[in-house]
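What follows is the content of work_35.pdb, which has PDB, C-alpha atoms:
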```pdb
MODEL        1
ATOM      1  CA  MET A   4      99.964 122.369  50.256  1.00  0.00           C
ATOM      2  CA  GLY A   5      99.627 122.363  46.493  1.00  0.00           C
ATOM      3  CA  LYS A   6      97.383 124.644  44.468  1.00  0.00           C
ATOM      4  CA  ALA A   7      94.645 122.086  43.767  1.00  0.00           C
ATOM      5  CA  THR A   8      94.611 120.950  47.412  1.00  0.00           C
ATOM      6  CA  GLN A   9      94.387 124.532  48.631  1.00  0.00           C
ATOM      7  CA  ASP A  10      91.697 125.402  46.091  1.00  0.00           C
ATOM      8  CA  LEU A  11      89.574 122.380  47.019  1.00  0.00           C
ATOM      9  CA  GLN A  12      89.867 123.016  50.744  1.00  0.00           C
ATOM     10  CA  GLN A  13      89.644 126.818  50.860  1.00  0.00           C
ATOM     11  CA  GLN A  14      88.068 128.053  47.626  1.00  0.00           C
ATOM     12  CA  VAL A  15      85.449 125.331  47.422  1.00  0.00           C
ATOM     13  CA  CYS A  16      84.759 123.348  50.599  1.00  0.00           C
ATOM     14  CA  GLN A  17      85.192 126.145  53.131  1.00  0.00           C
ATOM     15  CA  LYS A  18      83.471 128.657  50.872  1.00  0.00           C
ATOM     16  CA  TYR A  19      80.369 126.507  50.370  1.00  0.00           C
ATOM     17  CA  GLY A  20      80.318 124.676  53.703  1.00  0.00           C
ATOM     18  CA  TRP A  21      81.173 121.321  52.154  1.00  0.00           C
ATOM     19  CA  SER A  22      83.190 118.768  54.086  1.00  0.00           C
ATOM     20  CA  TYR A  23      86.193 116.831  52.807  1.00  0.00           C
ATOM     21  CA  HIS A  24      88.277 113.940  54.061  1.00  0.00           C
ATOM     22  CA  TYR A  25      91.567 112.493  52.751  1.00  0.00           C
ATOM     23  CA  GLU A  26      92.422 108.848  53.388  1.00  0.00           C
ATOM     24  CA  LYS A  27      94.128 105.836  51.888  1.00  0.00           C
ATOM     25  CA  ASP A  28      91.971 102.807  51.046  1.00  0.00           C
ATOM     26  CA  ALA A  29      92.772  99.177  51.822  1.00  0.00           C
ATOM     27  CA  SER A  30      94.478  98.688  48.456  1.00  0.00           C
ATOM     28  CA  GLY A  31      96.825 101.635  49.019  1.00  0.00           C
ATOM     29  CA  HIS A  32      95.141 104.297  46.861  1.00  0.00           C
ATOM     30  CA  TRP A  33      94.731 107.805  48.249  1.00  0.00           C
ATOM     31  CA  TYR A  34      91.274 109.334  47.935  1.00  0.00           C
ATOM     32  CA  VAL A  35      89.347 112.406  48.946  1.00  0.00           C
ATOM     33  CA  GLU A  36      85.662 112.305  49.865  1.00  0.00           C
ATOM     34  CA  VAL A  37      83.659 115.494  49.503  1.00  0.00           C
ATOM     35  CA  VAL A  38      80.165 115.898  50.911  1.00  0.00           C
ATOM     36  CA  VAL A  39      78.318 118.572  48.946  1.00  0.00           C
ATOM     37  CA  GLY A  40      75.962 120.428  51.249  1.00  0.00           C
ATOM     38  CA  MET A  41      74.564 118.790  54.355  1.00  0.00           C
ATOM     39  CA  ASN A  42      73.263 115.618  52.705  1.00  0.00           C
ATOM     40  CA  ILE A  43      75.435 112.512  53.088  1.00  0.00           C
ATOM     41  CA  GLN A  44      73.735 111.246  49.904  1.00  0.00           C
ATOM     42  CA  ASN A  45      75.820 113.843  48.057  1.00  0.00           C
ATOM     43  CA  LYS A  46      79.159 112.261  48.945  1.00  0.00           C
ATOM     44  CA  TYR A  47      81.676 112.011  46.136  1.00  0.00           C
ATOM     45  CA  ARG A  48      84.913 109.998  46.249  1.00  0.00           C
ATOM     46  CA  PHE A  49      87.894 110.681  44.009  1.00  0.00           C
ATOM     47  CA  THR A  50      90.592 107.990  44.099  1.00  0.00           C
ATOM     48  CA  SER A  51      94.168 108.247  42.884  1.00  0.00           C
ATOM     49  CA  PRO A  52      95.201 105.699  40.255  1.00  0.00           C
ATOM     50  CA  ASN A  53      98.571 105.409  42.024  1.00  0.00           C
ATOM     51  CA  ASN A  54      99.101 102.563  44.483  1.00  0.00           C
ATOM     52  CA  SER A  55     100.926 103.693  47.620  1.00  0.00           C
ATOM     53  CA  SER A  56     100.423 100.510  49.597  1.00  0.00           C
ATOM     54  CA  THR A  57     102.701  99.850  52.535  1.00  0.00           C
ATOM     55  CA  ASN A  58     101.586  96.228  52.757  1.00  0.00           C
ATOM     56  CA  ASN A  59     104.602  95.059  50.775  1.00  0.00           C
ATOM     57  CA  SER A  60     107.304  97.614  51.444  1.00  0.00           C
ATOM     58  CA  ASN A  61     109.732  95.944  49.037  1.00  0.00           C
ATOM     59  CA  SER A  62     107.611  96.783  46.006  1.00  0.00           C
ATOM     60  CA  SER A  63     105.579  99.794  47.098  1.00  0.00           C
ATOM     61  CA  LEU A  64     106.580 103.368  46.479  1.00  0.00           C
ATOM     62  CA  GLU A  65     106.069 104.387  50.097  1.00  0.00           C
ATOM     63  CA  GLY A  66     108.285 101.512  51.195  1.00  0.00           C
ATOM     64  CA  LYS A  67     111.086 102.966  49.078  1.00  0.00           C
ATOM     65  CA  LEU A  68     110.778 106.443  50.601  1.00  0.00           C
ATOM     66  CA  SER A  69     113.310 106.504  53.401  1.00  0.00           C
ATOM     67  CA  THR A  70     112.964 109.908  55.040  1.00  0.00           C
ATOM     68  CA  LYS A  71     109.977 111.553  56.678  1.00  0.00           C
ATOM     69  CA  LYS A  72     110.376 114.465  54.274  1.00  0.00           C
ATOM     70  CA  GLN A  73     110.151 112.142  51.258  1.00  0.00           C
ATOM     71  CA  LYS A  74     107.061 110.444  52.679  1.00  0.00           C
ATOM     72  CA  ASP A  75     105.427 113.803  53.472  1.00  0.00           C
ATOM     73  CA  GLN A  76     106.157 115.029  49.939  1.00  0.00           C
ATOM     74  CA  HIS A  77     104.643 111.845  48.526  1.00  0.00           C
ATOM     75  CA  VAL A  78     101.462 112.251  50.609  1.00  0.00           C
ATOM     76  CA  LYS A  79     101.266 115.905  49.544  1.00  0.00           C
ATOM     77  CA  ALA A  80     101.592 114.879  45.888  1.00  0.00           C
ATOM     78  CA  GLU A  81      98.877 112.229  46.242  1.00  0.00           C
ATOM     79  CA  LYS A  82      96.531 114.729  47.906  1.00  0.00           C
ATOM     80  CA  GLU A  83      97.254 117.145  45.075  1.00  0.00           C
ATOM     81  CA  ILE A  84      96.269 114.473  42.514  1.00  0.00           C
ATOM     82  CA  VAL A  85      92.954 113.596  44.183  1.00  0.00           C
ATOM     83  CA  SER A  86      92.189 117.270  44.868  1.00  0.00           C
ATOM     84  CA  ALA A  87      92.617 118.083  41.168  1.00  0.00           C
ATOM     85  CA  MET A  88      90.367 115.130  40.326  1.00  0.00           C
ATOM     86  CA  ALA A  89      87.746 116.421  42.772  1.00  0.00           C
ATOM     87  CA  LEU A  90      87.844 119.952  41.364  1.00  0.00           C
ATOM     88  CA  LYS A  91      87.278 118.576  37.878  1.00  0.00           C
ATOM     89  CA  GLY A  92      84.653 116.041  38.982  1.00  0.00           C
ATOM     90  CA  LEU A  93      82.710 118.587  41.030  1.00  0.00           C
ATOM     91  CA  SER A  94      82.804 121.318  38.384  1.00  0.00           C
ATOM     92  CA  THR A  95      79.020 121.113  37.780  1.00  0.00           C
ATOM     93  CA  GLN A  96      78.278 121.520  41.508  1.00  0.00           C
ATOM     94  CA  ILE A  97      80.857 124.324  41.809  1.00  0.00           C
ATOM     95  CA  ASP A  98      79.365 126.131  38.793  1.00  0.00           C
ATOM     96  CA  HIS A  99      75.907 125.769  40.362  1.00  0.00           C
ATOM     97  CA  GLU A 100      77.137 127.368  43.603  1.00  0.00           C
ATOM     98  CA  GLU A 101      78.925 130.158  41.738  1.00  0.00           C
ATOM     99  CA  ALA A 102      75.752 130.955  39.790  1.00  0.00           C
ATOM    100  CA  LYS A 103      73.806 131.697  42.972  1.00  0.00           C
ATOM    101  CA  LYS A 104      73.001 135.313  43.610  1.00  0.00           C
ATOM    102  CA  CYS A 105      75.138 136.945  46.290  1.00  0.00           C
ATOM    103  CA  CYS A 106      73.548 139.382  48.706  1.00  0.00           C
ATOM    104  CA  GLN A 107      74.224 141.039  52.027  1.00  0.00           C
ATOM    105  CA  LEU A 108      72.743 139.530  55.179  1.00  0.00           C
ATOM    106  CA  SER A 109      71.151 142.910  55.888  1.00  0.00           C
ATOM    107  CA  GLU A 110      69.062 142.455  52.716  1.00  0.00           C
ATOM    108  CA  ILE A 111      67.537 139.254  54.094  1.00  0.00           C
ATOM    109  CA  PHE A 112      67.412 139.509  57.866  1.00  0.00           C
ATOM    110  CA  PRO A 113      65.469 142.128  59.801  1.00  0.00           C
ATOM    111  CA  ASN A 114      67.306 144.740  61.794  1.00  0.00           C
ATOM    112  CA  PRO A 115      67.935 143.970  64.594  1.00  0.00           C
ATOM    113  CA  ILE A 116      68.326 140.214  64.241  1.00  0.00           C
ATOM    114  CA  GLN A 117      66.522 138.186  66.909  1.00  0.00           C
ATOM    115  CA  ILE A 118      68.981 135.836  68.617  1.00  0.00           C
ATOM    116  CA  TYR A 119      67.698 132.768  70.427  1.00  0.00           C
ATOM    117  CA  ASP A 120      70.187 131.895  73.174  1.00  0.00           C
ATOM    118  CA  SER A 121      69.415 128.353  74.289  1.00  0.00           C
ATOM    119  CA  LYS A 122      72.343 128.202  76.689  1.00  0.00           C
ATOM    120  CA  HIS A 123      70.137 129.520  79.491  1.00  0.00           C
ATOM    121  CA  ASN A 124      66.548 128.353  79.943  1.00  0.00           C
ATOM    122  CA  HIS A 125      66.720 126.021  76.945  1.00  0.00           C
ATOM    123  CA  GLY A 126      63.057 124.930  76.903  1.00  0.00           C
ATOM    124  CA  ALA A 127      61.577 128.417  77.174  1.00  0.00           C
ATOM    125  CA  ILE A 128      63.667 129.725  74.275  1.00  0.00           C
ATOM    126  CA  TRP A 129      62.509 126.915  71.961  1.00  0.00           C
ATOM    127  CA  ASN A 130      58.890 127.433  73.070  1.00  0.00           C
ATOM    128  CA  GLN A 131      59.246 131.116  72.190  1.00  0.00           C
ATOM    129  CA  PHE A 132      60.793 130.188  68.844  1.00  0.00           C
ATOM    130  CA  TRP A 133      57.952 127.803  67.897  1.00  0.00           C
ATOM    131  CA  LYS A 134      55.116 130.027  69.184  1.00  0.00           C
ATOM    132  CA  ASN A 135      56.214 132.917  66.994  1.00  0.00           C
ATOM    133  CA  PRO A 136      58.549 131.464  64.349  1.00  0.00           C
ATOM    134  CA  PRO A 137      60.604 133.918  62.341  1.00  0.00           C
ATOM    135  CA  GLN A 138      59.984 134.200  58.608  1.00  0.00           C
ATOM    136  CA  ILE A 139      63.693 133.699  57.903  1.00  0.00           C
ATOM    137  CA  VAL A 140      66.087 131.434  59.769  1.00  0.00           C
ATOM    138  CA  GLY A 141      69.870 131.490  59.411  1.00  0.00           C
ATOM    139  CA  ILE A 142      71.934 128.403  60.218  1.00  0.00           C
ATOM    140  CA  ASP A 143      75.709 128.350  60.589  1.00  0.00           C
ATOM    141  CA  THR A 144      77.948 125.436  61.471  1.00  0.00           C
ATOM    142  CA  GLU A 145      81.436 125.482  62.922  1.00  0.00           C
ATOM    143  CA  GLY A 146      83.714 122.491  62.877  1.00  0.00           C
ATOM    144  CA  ASN A 147      81.905 120.901  59.942  1.00  0.00           C
ATOM    145  CA  GLN A 148      84.984 118.874  59.005  1.00  0.00           C
ATOM    146  CA  THR A 149      83.600 116.300  61.440  1.00  0.00           C
ATOM    147  CA  SER A 150      80.179 114.783  61.777  1.00  0.00           C
ATOM    148  CA  PRO A 151      78.208 115.977  63.634  1.00  0.00           C
ATOM    149  CA  PRO A 152      79.456 119.579  63.530  1.00  0.00           C
ATOM    150  CA  VAL A 153      81.026 120.986  66.680  1.00  0.00           C
ATOM    151  CA  LEU A 154      78.567 123.896  66.871  1.00  0.00           C
ATOM    152  CA  VAL A 155      75.323 124.751  65.113  1.00  0.00           C
ATOM    153  CA  GLN A 156      74.090 128.325  65.339  1.00  0.00           C
ATOM    154  CA  ILE A 157      70.525 129.271  64.465  1.00  0.00           C
ATOM    155  CA  SER A 158      69.335 132.882  64.283  1.00  0.00           C
TER
ENDMDL
END
```
File written out as structure tokens:
Amino acid sequence: MGKATQDLQQQVCQKYGWSYHYEKDASGHWYVEVVVGMNIQNKYRFTSPNNSSTNNSNSSLEGKLSTKKQKDQHVKAEKEIVSAMALKGLSTQIDHEEAKKCCQLSEIFPNPIQIYDSKHNHGAIWNQFWKNPPQIVGIDTEGNQTSPPVLVQIS
């Protein structure tokens, strides 16, 4: 994994809870889509100017790559290109996130934190939650590289 790819995935998307997806479009151009936040309206696509189409293997670059290692290196290079484009194109959103004040969870949430376990007696827990709603609610998602997320935690 190249530096830009690693930075986009780990230092940006994982850090801020954004999702990303690499793919090749119908015309053979690699792209990365990044969804900023939880709103699909904030989806940004960054497309490589390089054509890697396998439709005509006689003229395409990928068709000329004979070994798996060469093909893997080519894909890695294309992901590096679109990742660098995304980092540059999302710089305003990244700067906005970086400008946010950092604080400890203990500064926001009461001690002890009320946990609503809906695994058992699902309806009663939500009734309790809505009858006496907390002033502050924390939401965490796991597996947010897919939609919908694999797990949503609310406390």
- Task: For atom CA of A:Tyr23 and atom CA of A:Asp143, quote the distance in Å rounded to one decimal.
- Result: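 Atom CA of A:Tyr23 sits 17.4 Å away from atom CA of A:Asp143.
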Between atom CA of A:Ala89 and atom CA of A:Val37, what distance in Å does the model show, to one decimal?
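Straight-line distance from atom CA of A:Ala89 to atom CA of A:Val37 works out to 7.9 Å.
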I'd like the contact shell of A:Gln76 - 12 Å cut-off, all atoms listed in the file, skipping same-chain residues fewer than 6 positions apart - returned as a list in words.
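Answer for this query is Met4, Gly5, Glu65, Leu68, Ser69, Thr70, Lys82 and Glu83 of chain A.
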Kindly export the residues of the current selection with C-alpha atoms, as a compact mmCIF listing (two decimals), in the frame of the given file.
```
# COMPACT_ATOMS: atom_id res chain seq x y z
CA MET A 4 99.96 122.37 50.26
CA GLY A 5 99.63 122.36 46.49
CA GLU A 65 106.07 104.39 50.10
CA LEU A 68 110.78 106.44 50.60
CA SER A 69 113.31 106.50 53.40
CA THR A 70 112.96 109.91 55.04
CA LYS A 82 96.53 114.73 47.91
CA GLU A 83 97.25 117.14 45.08
```
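The interatomic distance for the pair atom CA of A:Gln138 and atom CA of A:Gln107 works out to 17.1 Å.
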Contacts of A:Asn53 at 9 Å (only C-alpha atoms; same-chain gap of 2+ positions) as a PDB file with C-alpha atoms, in the coordinates of the input:
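part27.pdb, written as the output of this step:
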```pdb
ATOM      1  CA  GLY A  31      96.825 101.635  49.019  1.00  0.00           C
ATOM      2  CA  HIS A  32      95.141 104.297  46.861  1.00  0.00           C
ATOM      3  CA  TRP A  33      94.731 107.805  48.249  1.00  0.00           C
ATOM      4  CA  THR A  50      90.592 107.990  44.099  1.00  0.00           C
ATOM      5  CA  SER A  51      94.168 108.247  42.884  1.00  0.00           C
ATOM      6  CA  SER A  55     100.926 103.693  47.620  1.00  0.00           C
ATOM      7  CA  GLU A  81      98.877 112.229  46.242  1.00  0.00           C
TER       8      GLU A  81
END
```
I'd like the residues picked by the PyMOL selection byres ((chain A and resi 90) around 12) written out as a ChimeraX atom specification, using the chain letters and numbers from the file.
/A:6-16,23,35-37,47-49,83-89,91-98
Selected residues written out with C-alpha atoms, as a PDB file, in the coordinates of the input:
```pdb
ATOM      1  CA  LYS A   6      97.383 124.644  44.468  1.00  0.00           C
ATOM      2  CA  ALA A   7      94.645 122.086  43.767  1.00  0.00           C
ATOM      3  CA  THR A   8      94.611 120.950  47.412  1.00  0.00           C
ATOM      4  CA  GLN A   9      94.387 124.532  48.631  1.00  0.00           C
ATOM      5  CA  ASP A  10      91.697 125.402  46.091  1.00  0.00           C
ATOM      6  CA  LEU A  11      89.574 122.380  47.019  1.00  0.00           C
ATOM      7  CA  GLN A  12      89.867 123.016  50.744  1.00  0.00           C
ATOM      8  CA  GLN A  13      89.644 126.818  50.860  1.00  0.00           C
ATOM      9  CA  GLN A  14      88.068 128.053  47.626  1.00  0.00           C
ATOM     10  CA  VAL A  15      85.449 125.331  47.422  1.00  0.00           C
ATOM     11  CA  CYS A  16      84.759 123.348  50.599  1.00  0.00           C
ATOM     12  CA  TYR A  23      86.193 116.831  52.807  1.00  0.00           C
ATOM     13  CA  VAL A  35      89.347 112.406  48.946  1.00  0.00           C
ATOM     14  CA  GLU A  36      85.662 112.305  49.865  1.00  0.00           C
ATOM     15  CA  VAL A  37      83.659 115.494  49.503  1.00  0.00           C
ATOM     16  CA  TYR A  47      81.676 112.011  46.136  1.00  0.00           C
ATOM     17  CA  ARG A  48      84.913 109.998  46.249  1.00  0.00           C
ATOM     18  CA  PHE A  49      87.894 110.681  44.009  1.00  0.00           C
ATOM     19  CA  GLU A  83      97.254 117.145  45.075  1.00  0.00           C
ATOM     20  CA  ILE A  84      96.269 114.473  42.514  1.00  0.00           C
ATOM     21  CA  VAL A  85      92.954 113.596  44.183  1.00  0.00           C
ATOM     22  CA  SER A  86      92.189 117.270  44.868  1.00  0.00           C
ATOM     23  CA  ALA A  87      92.617 118.083  41.168  1.00  0.00           C
ATOM     24  CA  MET A  88      90.367 115.130  40.326  1.00  0.00           C
ATOM     25  CA  ALA A  89      87.746 116.421  42.772  1.00  0.00           C
ATOM     26  CA  LYS A  91      87.278 118.576  37.878  1.00  0.00           C
ATOM     27  CA  GLY A  92      84.653 116.041  38.982  1.00  0.00           C
ATOM     28  CA  LEU A  93      82.710 118.587  41.030  1.00  0.00           C
ATOM     29  CA  SER A  94      82.804 121.318  38.384  1.00  0.00           C
ATOM     30  CA  THR A  95      79.020 121.113  37.780  1.00  0.00           C
ATOM     31  CA  GLN A  96      78.278 121.520  41.508  1.00  0.00           C
ATOM     32  CA  ILE A  97      80.857 124.324  41.809  1.00  0.00           C
ATOM     33  CA  ASP A  98      79.365 126.131  38.793  1.00  0.00           C
TER      34      ASP A  98
END
```
field: Nearest candidate to A:Trp21 (options A:Glu110, A:Lys67, A:Asn124, A:Thr144; using all atoms listed in the file)
entry: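 When distances to A:Trp21 are compared using all atoms listed in the file, the smallest one comes from A:Thr144.
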> Using only C-alpha atoms, which residue out of A:Ile139, A:Asp28, A:His99, A:Trp129 lies closest to A:Pro52?
Replying inline: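 So, comparing all the options, the nearest one is A:Asp28.
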Between A:Asn45, A:Lys79, A:His24, A:Pro137, which one has atoms that come closest to A:Pro113, using all atoms listed in the file?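 Between A:Asn45, A:Lys79, A:His24, A:Pro137, the residue approaching A:Pro113 most closely is A:Pro137.
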